[in-house]
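Q: Mind having a look at this structure? Questions to follow.
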Amino acid sequence: MDLSTTYLGFKLPHPLMPGASPLTGDLDTVKRLEDAGAAALVMNSLFEEQIVLEELAARDAMETPADSFAEALSYFPKLEEYRLGPDEYLRQIRKVKEIVSCPVIASLNGVTTGGWLQYARQITEAGADALELNVYYLATSPTETAQALEDRTIEMVKSVKQVTHIPVAVKLSPFYSSLPSLAARLAEAGVQGLVLFNRFYQPDIDVNELEVTRTLELSDSRDLLLRLRWLAILSGKIDVSLAVSGGVHTAVDAVKAVMTGAHGVQVVSALLDNGPETLKTLREGMARWLEEHKYASLEQMRGSMNLSRSPDPSAYERANYAHILQGWGR
């Protein structure tokens with residue numbers, strides 16, 4: 001069965017790959033991922049805060065930048081708590097490139113335009129084949145407009161594109177006023193791919209200690225639904241590679257993602273739960289499903305359930321909302 005796909009310009013044997021996670025921080029695990037057939041590897045993220053903190057530590061001074069970004073740095077982990085520091089991260093890219101033959105996609109996670117983006121050039125020089133720019137930001141100020149937030153994301157992309165020649169994907173959250181408009185602007189700015197979506201881990205409240213508590217819950221297949229909807233909406237309208245991230249736990253989940261338009265299928269929680277060999281299980285399950293349903297290739301199936309080609313496009317739009325509510329209890 002032909003499961004081949006093209007993602008960020010790379011011809012891949014299938015769309016399955018580990019998404020950004022701690023898995024790539026260990027070389028033995030990296031080798032297990034390749035042995036399980038990973039089509040590509042997305043490195044764990046290098047955070048803007050790490051780079052800024054290291055630069056401040058190197059100067060041995062805590063000067064507050066004009067944009068007051070450093071005011072929040074004390075809430076982030078100390079440098080030693082990050083899995084890999086900036087220099088170690090670059091070395092890890094080189095080590096990973098030495099032991100795998102598949103494309104290696106580095107990941108930068110940040111929200112501001114600043115000197116930390118120069119690491120995109122160093123990541124390129126370290127041998128990364130592509131870069132995933134992970135935009136994780138929650139607007140909390142009533143004076144910050146949606147336009148300002150989007151403009152900053154576009155400027156970040158342009159800054160990165162100026163210092164690197166490798167393909168760039170942007171990993172987005174679903175919380176934008178008009179995601180299709182932003183996606184079109186990002187494509188115009190030169191990105192080669194969009195990853196849907198970043199997961200916002202929700203804080204809880206300890207009512208006895210009056211503290212905000214941090215919780216980590218792995219995804220399940222229910223998390224895939226939001227991603228399917230937006231893949232279907234963007235597929236065929238934005239001329240970039242599309243990847244899904246979050247909620248892929250079974251072969252059928254991966255099939256759904258491709259049907260709605262995904263070129264790449266990133267898996268994290270299923271690998272953390274069940275090990276790197278899950279990639280092989282998912283790939284074999286996809287091949288069986290396509291064969292059983294008389295598909296000649298993955299490409300034949302891609303986008304068959306997107307908004308433009310779906311037999312019921314209204315299911316992705318407002319009509320779905322009305323039908324579900326009116327049908328409750330009948």
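By convention here, the chains of the structure tokens are called A, B, ... in the order presented, each chain's residues are numbered starting at 1, and ligands are numbered starting at 1 in the order presented.
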Can you tell me, as a PyMOL selection string, what residues are no more than 8 Å from stretch 263-273 of chain A when counting only C-alpha atoms, ignoring any on the same chain fewer than 3 positions away?

A: chain A and resi 5-7+15-21+23+218-220+241-249+254+257-258+276-279+302

Q: Tell me, as JSON, numbers by chain, which residues lie within 8 Å of stretch 158-164 of chain A, counting only C-alpha atoms; anything in the same chain fewer than 6 positions away does not count.

A: {"A": [113, 117, 118, 120, 121, 124, 189, 190]}

Q: Save out the residues we just selected, C-alpha atoms, as a PDB file, in the first residue's frame.

A:
ATOM      1  CA  THR A 113      10.163  39.253  18.056  1.00  0.00           C
ATOM      2  CA  LEU A 117      14.996  34.251  16.866  1.00  0.00           C
ATOM      3  CA  GLN A 118      18.599  34.335  15.674  1.00  0.00           C
ATOM      4  CA  ALA A 120      16.892  29.828  13.801  1.00  0.00           C
ATOM      5  CA  ARG A 121      20.164  30.419  11.945  1.00  0.00           C
ATOM      6  CA  THR A 124      20.044  25.546  10.480  1.00  0.00           C
ATOM      7  CA  ALA A 189       4.831  35.416   4.528  1.00  0.00           C
ATOM      8  CA  GLY A 190       6.547  32.284   3.228  1.00  0.00           C
TER       9      GLY A 190
END

Q: Quote the spacing between atom CA of A:Ser101 and atom CA of A:Glu299 in Å to one decimal place.

A: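 Taking atom CA of A:Ser101 and atom CA of A:Glu299, their separation equals 23.4 Å.
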
Q: Skip A:Ile123 itself and residues of its chain fewer than 4 positions away, then list as JSON, numbers by chain all residues within 8 Å of it, counting only C-alpha atoms.

A: {"A": [90, 93, 106, 119, 127, 128]}

Q: For the selection just defined, write its residues with N, CA and C atoms to a file, as an mmCIF file, in the first residue's frame.

A:
data_model
loop_
_atom_site.group_PDB
_atom_site.id
_atom_site.type_symbol
_atom_site.label_atom_id
_atom_site.label_comp_id
_atom_site.auth_asym_id
_atom_site.auth_seq_id
_atom_site.Cartn_x
_atom_site.Cartn_y
_atom_site.Cartn_z
ATOM 1 N N LEU A 90 21.447 22.564 20.392
ATOM 2 C CA LEU A 90 22.135 22.542 19.101
ATOM 3 C C LEU A 90 22.993 21.290 18.957
ATOM 4 N N ILE A 93 20.759 18.306 18.166
ATOM 5 C CA ILE A 93 20.388 18.231 16.750
ATOM 6 C C ILE A 93 21.477 17.512 15.960
ATOM 7 N N ALA A 106 13.493 20.835 13.837
ATOM 8 C CA ALA A 106 13.708 21.499 15.121
ATOM 9 C C ALA A 106 12.464 22.293 15.489
ATOM 10 N N TYR A 119 18.440 32.192 16.823
ATOM 11 C CA TYR A 119 18.740 30.770 16.979
ATOM 12 C C TYR A 119 18.245 29.956 15.788
ATOM 13 N N GLY A 127 22.254 21.575 11.431
ATOM 14 C CA GLY A 127 21.883 20.487 10.542
ATOM 15 C C GLY A 127 20.407 20.155 10.480
ATOM 16 N N ALA A 128 19.556 20.906 11.180
ATOM 17 C CA ALA A 128 18.120 20.624 11.111
ATOM 18 C C ALA A 128 17.628 20.771 9.678
#

Q: Determine which residues of stretch 181-275 of chain A DSSP labels as alpha helix (DSSP H) from the backbone of this structure, then write them out as a VMD selection string.

A: chain A and resid 181 to 189 224 to 234 251 to 259 269 to 274

Q: Show me, as a list of chain:residue names, the residues that have an atom within 12 Å of A:Arg91 when counting only C-alpha atoms, minus same-chain residues fewer than 4 positions from it.

A: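 Counting only C-alpha atoms, the residues come to A:Gly25, A:Leu27, A:Leu84, A:Gly85, A:Pro86, A:Asp87, A:Lys95, A:Val96, A:Lys97, A:Glu98, A:Ala106, A:Gln122, A:Ile123, A:Glu125, A:Ala126, A:Gly127, A:Ala128.
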
Q: For the residues in the current selection, export C-alpha atoms as a PDB file, in the first residue's frame.

A:
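out_1.pdb written:
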ATOM      1  CA  GLY A  25      15.860  14.320  24.248  1.00  0.00           C
ATOM      2  CA  LEU A  27      19.229   9.240  21.773  1.00  0.00           C
ATOM      3  CA  LEU A  84      18.221  20.923  27.196  1.00  0.00           C
ATOM      4  CA  GLY A  85      19.797  24.377  27.297  1.00  0.00           C
ATOM      5  CA  PRO A  86      20.307  26.339  24.067  1.00  0.00           C
ATOM      6  CA  ASP A  87      23.830  25.056  23.423  1.00  0.00           C
ATOM      7  CA  LYS A  95      23.764  13.987  17.417  1.00  0.00           C
ATOM      8  CA  VAL A  96      20.286  13.096  16.189  1.00  0.00           C
ATOM      9  CA  LYS A  97      21.288  13.863  12.595  1.00  0.00           C
ATOM     10  CA  GLU A  98      24.200  11.445  12.936  1.00  0.00           C
ATOM     11  CA  ALA A 106      13.708  21.499  15.121  1.00  0.00           C
ATOM     12  CA  GLN A 122      22.131  28.320  14.454  1.00  0.00           C
ATOM     13  CA  ILE A 123      19.550  25.550  14.248  1.00  0.00           C
ATOM     14  CA  GLU A 125      23.808  25.423  10.882  1.00  0.00           C
ATOM     15  CA  ALA A 126      23.436  22.521  13.349  1.00  0.00           C
ATOM     16  CA  GLY A 127      21.883  20.487  10.542  1.00  0.00           C
ATOM     17  CA  ALA A 128      18.120  20.624  11.111  1.00  0.00           C
TER      18      ALA A 128
END

Q: Need to verify the contact set: A:Arg229, 9 Å, only C-alpha atoms, exclusion of same-chain residues closer than 5 positions in sequence. Can you return it as JSON, numbers by chain?

A: {"A": [224, 234, 260, 306, 307, 316, 317]}

Q: Output N, CA and C atoms for every residue in that selection, as a compact mmCIF listing (two decimals), in the first residue's frame.

A:
# COMPACT_ATOMS: atom_id res chain seq x y z
N LEU A 224 -9.04 15.17 18.91
CA LEU A 224 -8.82 15.25 17.47
C LEU A 224 -9.92 16.03 16.76
N LEU A 234 -9.35 24.41 6.09
CA LEU A 234 -8.16 24.99 5.45
C LEU A 234 -7.69 24.20 4.24
N THR A 260 -9.34 14.70 6.04
CA THR A 260 -9.67 16.12 6.15
C THR A 260 -8.56 17.02 5.62
N ASN A 306 -12.71 17.12 3.11
CA ASN A 306 -12.52 18.53 3.48
C ASN A 306 -13.79 19.31 3.14
N LEU A 307 -13.80 20.58 3.47
CA LEU A 307 -15.00 21.39 3.32
C LEU A 307 -15.47 21.46 1.87
N TYR A 316 -19.44 21.03 8.98
CA TYR A 316 -18.28 21.74 9.53
C TYR A 316 -18.63 23.17 9.94
N GLU A 317 -19.83 23.61 9.60
CA GLU A 317 -20.20 25.01 9.81
C GLU A 317 -21.30 25.12 10.86

Q: Residues of stretch 243-324 of chain A classed as strand (DSSP E) by DSSP on the backbone are to be reported as a list of chain:residue names.

A: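 Answer for stretch 243-324 of chain A restricted to strand (DSSP E) is A:Ala243, A:Val244, A:Ser245, A:Gly264, A:Val265, A:Gln266, A:Val267.
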
Q: So that I have them on file, write out the residues from the current selection with C-alpha atoms, as a compact mmCIF listing (two decimals), in the first residue's frame.

A:
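The resulting file, part.txt, is shown below:
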# COMPACT_ATOMS: atom_id res chain seq x y z
CA ALA A 243 -0.13 18.64 9.87
CA VAL A 244 -2.29 17.49 12.73
CA SER A 245 -0.97 17.46 16.29
CA GLY A 264 1.67 15.05 8.22
CA VAL A 265 0.33 13.28 11.31
CA GLN A 266 2.16 14.07 14.53
CA VAL A 267 1.82 11.70 17.47

Q: Identify, on the basis of only C-alpha atoms, every residue whose closest approach to stretch 135-142 of chain A does not exceed 6 Å; exclude the query and any residue fewer than 6 positions from it along the same chain; express the result as a PyMOL selection string.

A: chain A and resi 110-111+171-172

Q: If I take atom CA of A:Leu8 and atom CA of A:Lys294, how far is one from the other in Å, to one decimal?

A: 27.9 Å

Q: Hey, what's within 7 Å of A:His14 if we count only C-alpha atoms and toss same-chain stuff fewer than 6 positions away? As a PyMOL selection string, please?

A: chain A and resi 3-5+39

Q: Give me a file of those residues, with N, CA and C atoms, as a JSON list (two decimals), in the first residue's frame.

A:
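Once everything was written out, this is result.json:
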[["chain", "number", "residue", "atom", "x", "y", "z"],
["A", 3, "LEU", "N", 1.59, 4.62, 1.08],
["A", 3, "LEU", "CA", 1.23, 5.59, 2.12],
["A", 3, "LEU", "C", 2.03, 6.88, 2.00],
["A", 4, "SER", "N", 2.74, 7.06, 0.91],
["A", 4, "SER", "CA", 3.66, 8.19, 0.78],
["A", 4, "SER", "C", 2.92, 9.52, 0.80],
["A", 5, "THR", "N", 3.65, 10.53, 1.26],
["A", 5, "THR", "CA", 3.11, 11.88, 1.36],
["A", 5, "THR", "C", 4.24, 12.87, 1.19],
["A", 39, "ALA", "N", 8.55, 8.75, 10.00],
["A", 39, "ALA", "CA", 8.81, 9.36, 8.70],
["A", 39, "ALA", "C", 9.68, 10.59, 8.84]]

Q: Measuring between only C-alpha atoms, which one of A:Val240, A:Leu33, A:Leu226, A:Val157 shows the shortest distance to A:Arg199?

A: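 That would be A:Leu226, the residue with the smallest distance to A:Arg199.
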
Q: Between A:Ser173, A:Ser235, A:Thr281, A:Thr145, which has the minimum distance to A:Met259 (counting only C-alpha atoms)?

A: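 Ranking A:Ser173, A:Ser235, A:Thr281, A:Thr145 by distance to A:Met259, first place goes to A:Ser235.
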